[in-house]
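**Q** To start, I am sharing the structure in question, which I have written as structure tokens.
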Amino acid sequence: MTDLSPAIRDAARRLLSDGLVDVVIGFEAGPIPLRSSPCFARDAAEVERLVWNMSCENNLAKYLPRRRERVGVIAKGCDTRSIVGLLREGQIERERLHIIGVPCRGLIDRRRIESELAGREAIDVQEREGEILLRGDGFAIALEKERYLHASCRACRSPTPVIYDTLIGDPVAKDMAADEYATVREFEALPTGERWQFFAAQASRCIRCYACRNACPLCYCTECFVDSTQPRWLSPSTDATDALVFQIMRVMHTAGRCVDCGACERACPVGLDLRLLTKKVEKDVEELFHYKAGLDVHEPMPLSTFSPDDPGDFIR
Amino acid sequence: MEEKHSHWEPRIVAFLCNWCSYAGADLAGTSRLQYAPNTRTIRVPCAGRVSPLFIVRALMHGADGVLVSGCHPGDCHYLEGNYLARRRFGLLKRLLEYVGIEEERVQFAWVSASEGGKFAHVVAEVAESVRALGPAQRLISARDQEGAP
């Protein structure tokens with residue numbers, strides 16, 4: 001697998017030197033292996049920091065709304081779907097945005113790799129032919145990459161950008177036959193009480209840090225309902241009910257907009273299964289309104305439109 | 001506890017659209033129709049005004065059930081408020097069931113201003129189905145768990 005970082009740096013350098021954008025938003029190497037951080041490159045020197053690898057897990061569409069500069073953004077397939085949504089919602093101007101699309105081969109779940117290392121520290125990480133090579137003090141192991149992908153990446157159906165100005169790398173094919181909602185269907189089949197027990201237990205672990213919200217490109221409200229004090233909808237406590245209601249409302253707000261990039265789940269410091277909720281709503285939106293988010297800039301958002309024939313059998 | 005339970009009556013928060021269901025409830029009253037006294041009415045300008053948050057908050061703070069009632073499709077005073085609400089509520093209903101809230105806790109109806117009889121009937125059915133479930137135990141706010149009014 002070729003390293004796309006040099007090609008990305010070239011494209012970023014050209015955009016900046018041609019004066020087409022004021023900043024290129026991409027990734028730079030994080031402080032430790034398997035981590036990357038968002039990077040804002042404004043000149044040729046800063047461009048040198050840009051990298052591309054299997055730990056570029058943020059959804060950079062997050063940084064686009066309300067930005068005054070002309071922006072170049074490095075975007076994976078899911079990021080571009082978020083951008084489509086933001087364009088549709090009038091949050092960003094297409095003319096001021098240059099999308100450097102990068103077909104994505106999946107991001108790896110560093111927590112699962114860490115548990116594989118059992119306390120040992122990897123100093124050097126390389127990706128090669130579907131394998132992750134980890135080296136540290138007195139050890140070197142190779143892991144099969146496919147097995148350590150994030151769940152959202154395994155369910156992903158659009159690894160290749162759906163909208164872009166420049167495309168770097170070859171399109172990535174994806175198995176469309178697999179059921180992306182398999183986990184949700186399994187969970188739906190459980191008895192009501194068991195489902196409740198599961199979510200009550202999940203919610204009791206939530207520390208209300210709002211990392212999920214802050215990582216989500218759709219959460220661009222100037223004041224989130226959960227921060228509102230007039231009225232105070234929810235107490236800012238870590239009480240499980242408040243936490244669960246926060247999550248219920250968060251997924252209602254992203255209903256028909258969520259592209260399942262998985263950024264919320266990756267950002268969660270306590271490892272909640274947030275996609276079990278977002279994916280459920282995504283499935284229902286597809287079933288009820290035949291809509292898939294982030295694919296078409298011209299299609300109206302499903303909750304701001306309707307059809308007289310919408311399902312209404314639940315209404316007396 | 002036994003004693004308390006035997007006297008328990010479900011408390012149902014009813015969000016009623018000003019242009020139809022609220023008038024329907026009024027008609028039920030002026031027509032001297034008997035209906036279950038379990039609802040606590042909140043008048044709203046449209047079913048579309050009802051945020052999912054209102055419904056969930058009602059359940060958090062003491063409602064055993066929630067009824068949202070608006071105008072029949074095609075009858076909305078604002079032309080499309082009830083259509084938009086129908087999409088939103090369809091998703092909310094499925095989501096609440098998914099997280100383990102009993103299906104009957106949150107219900108929806110179309111009741112026009114001339115349907116006093118239907119209103120009485122809907123309230124009776126909703127009250128009966130919530131009574132069968134017993135007091136709400138899930139999604140109760142910690143602050144309300146003890147000494148709720």
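Within each chain, counting starts at residue 1; across the structure tokens, chains are named A, B, ... in the order shown, with ligands numbered 1 upward in that order.
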Neighbours of Gly130 in chain A within 10 Å (only C-alpha atoms; same-chain residues fewer than 4 positions away dropped), as a list in words?
**A**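 Close residues of Gly130 in chain A: Met1, Arg105, Ala142, Leu143, Glu144, Lys145, Glu146 and Arg147 of chain A.
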**Q** List as a list in words the protein and nucleic acid residues near Thr160 in chain A, meaning an atom at most 6 Å away when only C-alpha atoms are counted, but skip any in the same chain fewer than 4 places from it.
**A**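 Near neighbours after the sequence-gap exclusion: Gly77, Pro103, Pro171 and Val172 of chain A.
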**Q** Using only C-alpha atoms, which of A:Ala293, A:Ala203, A:Ala7, A:Leu64 sits nearest chain B?
**A**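 Of A:Ala293, A:Ala203, A:Ala7, A:Leu64, the one nearest chain B, counting only C-alpha atoms, is A:Ala203.
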**Q** Would you kindly return, as number ranges by chain, each protein, DNA or RNA residue with an atom no farther than 9 Å from any atom of Phe89 in chain B, considering only C-alpha atoms and excluding same-chain residues fewer than 5 positions away?
**A** B: 52, 84, 94, 108
**Q** Could those selected residues go to a file with N, CA and C atoms, as a compact mmCIF listing (two decimals), in the first residue's frame?
**A**
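Printed below is selection.txt as written:
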# COMPACT_ATOMS: atom_id res chain seq x y z
N PRO B 52 -39.60 16.13 20.48
CA PRO B 52 -39.39 14.86 21.17
C PRO B 52 -38.93 15.08 22.61
N LEU B 84 -45.03 16.94 9.13
CA LEU B 84 -43.64 16.96 9.61
C LEU B 84 -43.55 16.24 10.95
N ARG B 94 -40.17 4.55 17.51
CA ARG B 94 -39.31 3.38 17.30
C ARG B 94 -38.08 3.44 18.19
N PHE B 108 -49.98 8.42 19.90
CA PHE B 108 -50.31 9.53 19.02
C PHE B 108 -51.72 9.35 18.45
**Q** Mind the document's chain letters and residue numbers, and return as a PyMOL selection string the residues of range 40-158 of chain A that DSSP labels strand (DSSP E).
**A** chain A and resi 40-41+50-51+71-75+97-101+122-128+131-136+139-144
**Q** Please measure the separation of CA of Ala122 in chain A and CA of Pro269 in chain A, giving the value in Å to one decimal.
**A**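 CA of Pro269 in chain A lies 20.6 Å from CA of Ala122 in chain A.
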**Q** DSSP on the backbone: which residues in range 38-201 of chain A end up as helix (DSSP H, G or I)? Give the answer as a ChimeraX atom specification.
**A** /A:44-47,60-63,77-88,94-96,110-117,145-148,151-155,182-188,192-201
**Q** What lies within 10 Å of Arg111 in chain A using only C-alpha atoms, ignoring chain neighbours under 3 positions off, as a list in words?
**A**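 The neighbour list is Leu34, Ile108, Glu114, Ser115, Glu116, Leu117, Tyr148, His150, Arg266 and Gly271 of chain A.
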**Q** Output N, CA and C atoms for every residue in that selection, as a PDB file, in the first residue's frame.
**A**
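Just written: result_28.pdb:
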ATOM      1  N   LEU A  34      -0.082   5.437  16.615  1.00  0.00           N
ATOM      2  CA  LEU A  34      -1.506   5.122  16.480  1.00  0.00           C
ATOM      3  C   LEU A  34      -2.407   6.302  16.776  1.00  0.00           C
ATOM      4  N   ILE A 108      -8.105   2.122  12.190  1.00  0.00           N
ATOM      5  CA  ILE A 108      -7.974   1.043  13.164  1.00  0.00           C
ATOM      6  C   ILE A 108      -8.302   1.531  14.573  1.00  0.00           C
ATOM      7  N   GLU A 114      -4.201  -1.797  21.675  1.00  0.00           N
ATOM      8  CA  GLU A 114      -3.569  -1.647  22.984  1.00  0.00           C
ATOM      9  C   GLU A 114      -3.836  -2.863  23.858  1.00  0.00           C
ATOM     10  N   SER A 115      -5.052  -3.377  23.804  1.00  0.00           N
ATOM     11  CA  SER A 115      -5.348  -4.529  24.650  1.00  0.00           C
ATOM     12  C   SER A 115      -4.558  -5.751  24.171  1.00  0.00           C
ATOM     13  N   GLU A 116      -4.262  -5.782  22.865  1.00  0.00           N
ATOM     14  CA  GLU A 116      -3.438  -6.865  22.320  1.00  0.00           C
ATOM     15  C   GLU A 116      -2.009  -6.778  22.844  1.00  0.00           C
ATOM     16  N   LEU A 117      -1.553  -5.547  23.080  1.00  0.00           N
ATOM     17  CA  LEU A 117      -0.177  -5.346  23.542  1.00  0.00           C
ATOM     18  C   LEU A 117      -0.023  -5.629  25.032  1.00  0.00           C
ATOM     19  N   TYR A 148      -8.854  -5.330  13.131  1.00  0.00           N
ATOM     20  CA  TYR A 148      -8.766  -4.251  14.123  1.00  0.00           C
ATOM     21  C   TYR A 148      -9.404  -2.956  13.635  1.00  0.00           C
ATOM     22  N   HIS A 150     -12.295  -0.165  13.043  1.00  0.00           N
ATOM     23  CA  HIS A 150     -13.452   0.292  13.814  1.00  0.00           C
ATOM     24  C   HIS A 150     -14.720  -0.336  13.240  1.00  0.00           C
ATOM     25  N   ARG A 266     -15.744   6.910  18.431  1.00  0.00           N
ATOM     26  CA  ARG A 266     -14.281   6.932  18.578  1.00  0.00           C
ATOM     27  C   ARG A 266     -13.864   7.952  19.626  1.00  0.00           C
ATOM     28  N   GLY A 271     -15.899   4.464  26.073  1.00  0.00           N
ATOM     29  CA  GLY A 271     -16.181   3.368  25.145  1.00  0.00           C
ATOM     30  C   GLY A 271     -17.629   2.916  25.085  1.00  0.00           C
TER      31      GLY A 271
END
**Q** Residues of chain B were defined as contacting chain A if any atom lay at most 9 Å from it, counting only C-alpha atoms; please report them as an MDAnalysis selection string.
**A** chainID B and resid 52:53 56:57 60 69 73:74 80 83:88 90:102 107:111 122 138:142
**Q** Could you dump the residues just selected with C-alpha atoms as a PDB file, in the first residue's frame?
**A**
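After the write, part-v5.pdb holds the following:
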ATOM      1  CA  PRO B  52     -39.393  14.860  21.169  1.00  0.00           C
ATOM      2  CA  LEU B  53     -37.739  16.484  24.177  1.00  0.00           C
ATOM      3  CA  VAL B  56     -39.216  12.490  27.027  1.00  0.00           C
ATOM      4  CA  ARG B  57     -39.192  15.205  29.689  1.00  0.00           C
ATOM      5  CA  MET B  60     -38.778  11.863  33.234  1.00  0.00           C
ATOM      6  CA  SER B  69     -52.957  14.576  19.402  1.00  0.00           C
ATOM      7  CA  PRO B  73     -53.527  14.669   7.551  1.00  0.00           C
ATOM      8  CA  GLY B  74     -54.547  17.481   5.220  1.00  0.00           C
ATOM      9  CA  GLU B  80     -47.922  20.756   6.927  1.00  0.00           C
ATOM     10  CA  TYR B  83     -47.039  15.850   8.335  1.00  0.00           C
ATOM     11  CA  LEU B  84     -43.644  16.955   9.611  1.00  0.00           C
ATOM     12  CA  ALA B  85     -44.589  15.820  13.113  1.00  0.00           C
ATOM     13  CA  ARG B  86     -45.621  12.404  11.802  1.00  0.00           C
ATOM     14  CA  ARG B  87     -42.115  11.765  10.464  1.00  0.00           C
ATOM     15  CA  ARG B  88     -40.466  12.890  13.684  1.00  0.00           C
ATOM     16  CA  GLY B  90     -42.478   7.788  13.809  1.00  0.00           C
ATOM     17  CA  LEU B  91     -38.746   7.830  14.479  1.00  0.00           C
ATOM     18  CA  LEU B  92     -39.083   8.769  18.153  1.00  0.00           C
ATOM     19  CA  LYS B  93     -41.584   6.021  18.817  1.00  0.00           C
ATOM     20  CA  ARG B  94     -39.313   3.381  17.305  1.00  0.00           C
ATOM     21  CA  LEU B  95     -36.284   4.771  19.138  1.00  0.00           C
ATOM     22  CA  LEU B  96     -37.985   4.794  22.544  1.00  0.00           C
ATOM     23  CA  GLU B  97     -39.151   1.219  22.068  1.00  0.00           C
ATOM     24  CA  TYR B  98     -35.621   0.308  21.056  1.00  0.00           C
ATOM     25  CA  VAL B  99     -34.069   1.665  24.262  1.00  0.00           C
ATOM     26  CA  GLY B 100     -36.647  -0.283  26.230  1.00  0.00           C
ATOM     27  CA  ILE B 101     -39.504   2.122  26.944  1.00  0.00           C
ATOM     28  CA  GLU B 102     -42.785   0.211  26.751  1.00  0.00           C
ATOM     29  CA  GLN B 107     -49.081   7.390  21.852  1.00  0.00           C
ATOM     30  CA  PHE B 108     -50.315   9.534  19.021  1.00  0.00           C
ATOM     31  CA  ALA B 109     -53.742  10.388  17.627  1.00  0.00           C
ATOM     32  CA  TRP B 110     -55.485  12.490  15.029  1.00  0.00           C
ATOM     33  CA  VAL B 111     -58.613  14.052  16.546  1.00  0.00           C
ATOM     34  CA  VAL B 122     -58.837   7.751  22.541  1.00  0.00           C
ATOM     35  CA  ARG B 138     -37.925   3.735  33.346  1.00  0.00           C
ATOM     36  CA  LEU B 139     -36.413   7.063  32.385  1.00  0.00           C
ATOM     37  CA  ILE B 140     -37.407   8.621  35.730  1.00  0.00           C
ATOM     38  CA  SER B 141     -35.224  11.567  36.678  1.00  0.00           C
ATOM     39  CA  ALA B 142     -33.129  10.849  39.798  1.00  0.00           C
TER      40      ALA B 142
END
**Q** Using only C-alpha atoms, which protein or nucleic acid residues come within 7 Å of Val106 in chain B? Drop anything in the same chain fewer than 4 positions from it, and give the result as an MDAnalysis selection string.
**A** chainID B and resid 65:67
**Q** Please write the residues from the selection above to a file, keeping N, CA and C atoms, as a CSV table (one decimal), in the first residue's frame.
**A**
chain,number,residue,atom,x,y,z
B,65,GLY,N,-47.7,8.2,31.0
B,65,GLY,CA,-47.9,8.0,29.6
B,65,GLY,C,-48.0,9.4,29.0
B,66,VAL,N,-47.8,9.5,27.7
B,66,VAL,CA,-47.9,10.7,26.9
B,66,VAL,C,-48.7,10.5,25.7
B,67,LEU,N,-49.7,11.4,25.5
B,67,LEU,CA,-50.5,11.4,24.3
B,67,LEU,C,-50.2,12.7,23.5
**Q** Which is closest to Val50 in chain B among B:Gly81, B:Val126, B:Glu104, B:Cys20, if we use only C-alpha atoms?
**A**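 Checking each of B:Gly81, B:Val126, B:Glu104, B:Cys20 against Val50 in chain B, counting only C-alpha atoms, the winner is B:Gly81.
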